[in-house]
Amino acid sequence: MQADIDFSHYLKSAGTGLVHLNLAVEGINCAGCMAKIERNLSTIPDVTSARVNLTDSRLALEWKAGAVDPALFVSRLAELGYKAYPFERNDAETLEAQRAQGLLRRLGVAAFAAMNVMMLSVPVWSGNVSDMLPEQRDFFHWLSALIVLPAAAYSAQPFFSSALSALRTRGVNMDVPISIGIVLALAISVIETINHAEHAYFDAAIMLIAFLLAGRYLDQNMRRRTRAFAGNLAALKAETATKFISPTEIRTVPAAAIRPGDIVLLRPGERCAVDGNVIEGRSEVDQSLITGETLPAMAAPGSAVFAGTLIRSGTLRVRASAASGGTLLDEISQLLDRALQARSRYLRLAERASRLYAPVVHATALLTMLGWLAYGASFHESIVTAIAVLIITCPCALGLAIPAVQTVASGALFGCGVLLNAGDAIERIAEIDRVIFDKTGTLTLPELDVANLADIPDEVVKLAGRLALSSRHPVAAAVARKAGAAAPLPDIQEEPGQGVHGFYEGRPIRLGRPSFCGADDLANELLCRDPEASVVAFRSGECRYAFAVRQRLRPDAADVVAALTRIGLAVEIVSGDREPAVRLAAQMLGVHEWRAGVSPVDKITRIEELARQGCKVLMVGDGLNDAPALAAAHASMSPVTATHMSQAVADAVFLGERLAPVLTAVKVSRKALRLMRQNLWLAVVYNVLAVPIAIAGLVTPLIAAAAMSGSSVIVMLNALRARAREAV
C-alpha cells in the first residue's frame, strides 16, 4: 500500500500563476540547516521561492502552478534528514508579528529623526541668548521641519489611526489627546517658523512620538513574546490522517476530511488524529497527552484510542467515532479557549482607564486655553500653553511603568532559566498564594530512571543496555540510558509488546517483560519492595536479573516545595496519575493535600473552587490534559519538556531538570510587582506636580516634552532594580 498526501487543502494562490505552501519542519536548529534547505529546494525547476524562518521552523514555498508535485518537497526534505508537515498559519499570529515589526520600524525612524533634530536644536537654544542671526535660526527651524514632518507622518501613524477609529465610533481613547498634542505641536511649530519666531517645537513633537512608540513596542513585544517551543502544532494535533479509500488503498488526507465510520491506519511513530476503536492490530500506545500517564498502555481490537495518542510498536486499524471538531482533544481545546477568555478582565480594566484618561486630559487642556484667553492672553499664548498641558500629561511614564519592569524582570528570569509567554505574567505570578503541581513530568523528571542499578553487576548492566538500544519501549530506553550504551548488539529481533532477543557470544539473551524472560518470580519480589516500579527483565543463558524502572522526582523538588511553604504559599498536588504514585510523591515532598486520577475538567473545577474561596493559584503542569487548567489558573508555568500546547498556554516556561525556577519566578515577580507599583506612584506624583505648572504657563512645549522624557527616564531607572541579584 502506498500513501499519498492530499495537499489541495493547504495550497494557496500567490497570484500571477504561482501557488504557496507552508510546511512545519522538524529538526531545524541553526543557520546552516536553514541555508541547506533553501539551497536544495531552490534548485527544483519552477520553484520561485524557498524561505525558512529559523525562529518558528517554518518553510514557505512558492512555485509555478501545476509544475511541481508538493509531495516532492516533503520527500526531498526527508532525504536531507528533516520531517515536514503541511501547516496553516494562524492569521492572528501573522497580523501580530506584522504589527510588532511595524512599530519597530516606526520607532527607528522617530528615534533617528529625534537625534538629528536635537543636534539642530542645540545651536538654536544657545543662539537665542547669544549672537545667532534670525536668518540662521529660521534655516535651522526649516531644516528641522524637513526632517520631522515626514518622520512624524510615518511614525505617529499608529496613534493617528487609533484616534480616528475611536472618533468614528463617537468615542475617545488615550491616543486622541496624544494625536491632538502631536498635531498641534507640529502646526504651531510651522506657524512659528513662518512668522520667524524664536521658538519652534519640532524637537518636542518627535521626542514625544519616539517615547510613545518605545513604550508601545515594549508592551507589544512582551505580549507576543515568541513561543518557539509551541511552533509545530501540526505535529501535535495530527492534522493529517491515513485513510482507507478502498480495502487495499490508503491516502493521507487532512483530519478535517475524516468522518465517523471511516477507517484510518496508524503506524509506529504516528499520532492519532481521531477518536475511535481499534478493529485490527495490537500496539503499545502513549496516551500521556490525554491522561498524563507516561507509561504505555496496550491497544488491541475493541480498545478505545483518542486523538493525540502516539503509536509506539505495532500497526493499528481504527474506526473513527469522532473526528475534527468532536474529539476529546478538541474538547480540551474548547475548555482551553473558555479558560483563556476568563482572563479578559485586564483588558476591560485598561479600557476603563483609557476612557477616564482621555476626557480628563481634553478638559484640562481646553480649560487651560479658555482660562488664559479669559485672563487676557493672546490666542497664540493660550494655544501654546494648552499644547504644553497635552504634552506634559502624556502617559509615557504611565505607559512605561509596567512594560519597563516587565522587560527588565523578564531578562532576570531568562538568566535563571524562565521564559515568559505573557505580558502580564509577572504581575499574576507575584499575586499567587497557592501552588498546584501536576506530578508526572512536572514534579518528576520526564525520563524514567532505574532505581536498583546498584544491585546489578556492571557487566550485566552494560550488556542489557546494548540490548535495550534495539527496543523503542521507554522502559528499555531508561535501561540503555543508565547503562550509557552507545553500540547496539547485531542481529537483535523485537517481539512487539514482549521485548527483544538475540545471541551474544553464543548465548541466547533477552530483555523485556518478566514473563518473556522467565523472571516472574524476580519481578514479584521486586514489586513487593517497590510497588510503583515498572519491571523489565534481562536473561543471558540461565542468568536472570530484574530492573526496577520508575519516575524520579526532580532533584530539588523537596527543597523547592519547602521553600514555597516558608514564603507563605500553600502547596498541593493534582494529578491524573494513579493514586499510589501520587500518594508516594506527596509523602516524599511533605505535601499534605493531593488528588489523584483527576480529569482535565476536574482540574479546572478545583481551580475554580479555590478561586471562589479567594485563592490565587499558580498551576504548574506539563501535559495536554493540564492545558485547560494552566489557562484557568491565575498564573501558570510549564517545564520545557511539556507538550507544545501546554507551553503555548503557560504564562512561563522553565528550563532544566531542577524545580528551582518556579521559586525564582515567584521571588522575582514579587519584587517586580513592588517596582511596578512604585513606578505608578512616580507617574502619578509627576502629573500632580507637573500639570499645575503647565497650566500656570511656566513651561513651553519643549520643556514639557523634556519633563515628560525625564519622568520616563526615572521610571526606567527604577525598573532596572528588578534585575538586582537579591531578587533571586
# chains A, B, ... in the order shown; residues from 1 in each chain; ligands from 1
>>> residues_around(residues="segment 15-18 of chain A", least_positions_apart="6", cutoff="8 Å", atoms="only C-alpha atoms", output="MDAnalysis selection string")
chainID A and resid 62:65
>>> write_last_selection(atoms="all heavy atoms", output="compact mmCIF listing (two decimals), in the first residue's frame")
# COMPACT_ATOMS: atom_id res chain seq x y z
N GLU A 62 7.04 28.76 -2.86
CA GLU A 62 6.22 29.24 -3.98
C GLU A 62 6.77 28.66 -5.26
O GLU A 62 7.99 28.55 -5.44
CB GLU A 62 6.22 30.78 -4.05
CG GLU A 62 5.42 31.44 -2.94
CD GLU A 62 5.34 32.95 -3.10
OE1 GLU A 62 5.86 33.46 -4.12
OE2 GLU A 62 4.76 33.60 -2.22
N TRP A 63 5.87 28.25 -6.16
CA TRP A 63 6.29 27.69 -7.44
C TRP A 63 5.18 27.91 -8.47
O TRP A 63 4.06 28.28 -8.11
CB TRP A 63 6.64 26.21 -7.31
CG TRP A 63 5.48 25.31 -6.98
CD1 TRP A 63 4.71 24.60 -7.86
CD2 TRP A 63 4.95 25.02 -5.68
NE1 TRP A 63 3.75 23.89 -7.18
CE2 TRP A 63 3.88 24.13 -5.84
CE3 TRP A 63 5.29 25.42 -4.38
CZ2 TRP A 63 3.13 23.64 -4.78
CZ3 TRP A 63 4.56 24.94 -3.31
CH2 TRP A 63 3.49 24.06 -3.52
N LYS A 64 5.51 27.66 -9.71
CA LYS A 64 4.54 27.83 -10.79
C LYS A 64 3.44 26.79 -10.66
O LYS A 64 3.71 25.59 -10.50
CB LYS A 64 5.23 27.70 -12.15
CG LYS A 64 6.21 28.83 -12.43
CD LYS A 64 6.86 28.67 -13.80
CE LYS A 64 7.85 29.80 -14.06
NZ LYS A 64 8.53 29.63 -15.37
N ALA A 65 2.19 27.24 -10.72
CA ALA A 65 1.05 26.35 -10.53
C ALA A 65 1.09 25.19 -11.52
O ALA A 65 1.29 25.38 -12.72
CB ALA A 65 -0.26 27.13 -10.68
>>> residues_around(residues="segment 606-616 of chain A", least_positions_apart="2", cutoff="10 Å", atoms="only C-alpha atoms", output="VMD selection string")
chain A and resid 428 to 436 570 574 595 598 601 to 604 618 to 619 629 to 630 632 to 635
>>> residues_around(residues="segment 475-485 of chain A", least_positions_apart="6", cutoff="9 Å", atoms="only C-alpha atoms", output="MDAnalysis selection string")
chainID A and resid 295 447:450 453 458 461:469 499 511:512 534:536 547 549:550
>>> closest_residue(among="A:Ala631, A:Leu589, A:Ser540, A:Ile311", to="Glu459 of chain A", atoms="only C-alpha atoms")
A:Ser540
>>> closest_residue(among="A:Phe211, A:Val408, A:Tyr545, A:Met588", to="Leu717 of chain A", atoms="only C-alpha atoms")
A:Val408
>>> closest_residue(among="A:Ala24, A:Leu720, A:Ile250, A:Ile37", to="Arg58 of chain A", atoms="only C-alpha atoms")
A:Ala24
>>> residues_around(residues="Ser669 of chain A", least_positions_apart="2", cutoff="9 Å", atoms="only C-alpha atoms", output="PyMOL selection string")
chain A and resi 406+409+413+425-431+664-667+671-674+722+727
>>> atom_distance(atom1="atom CA of Pro359 of chain A", atom2="atom CA of Ala100 of chain A")
28.4 Å
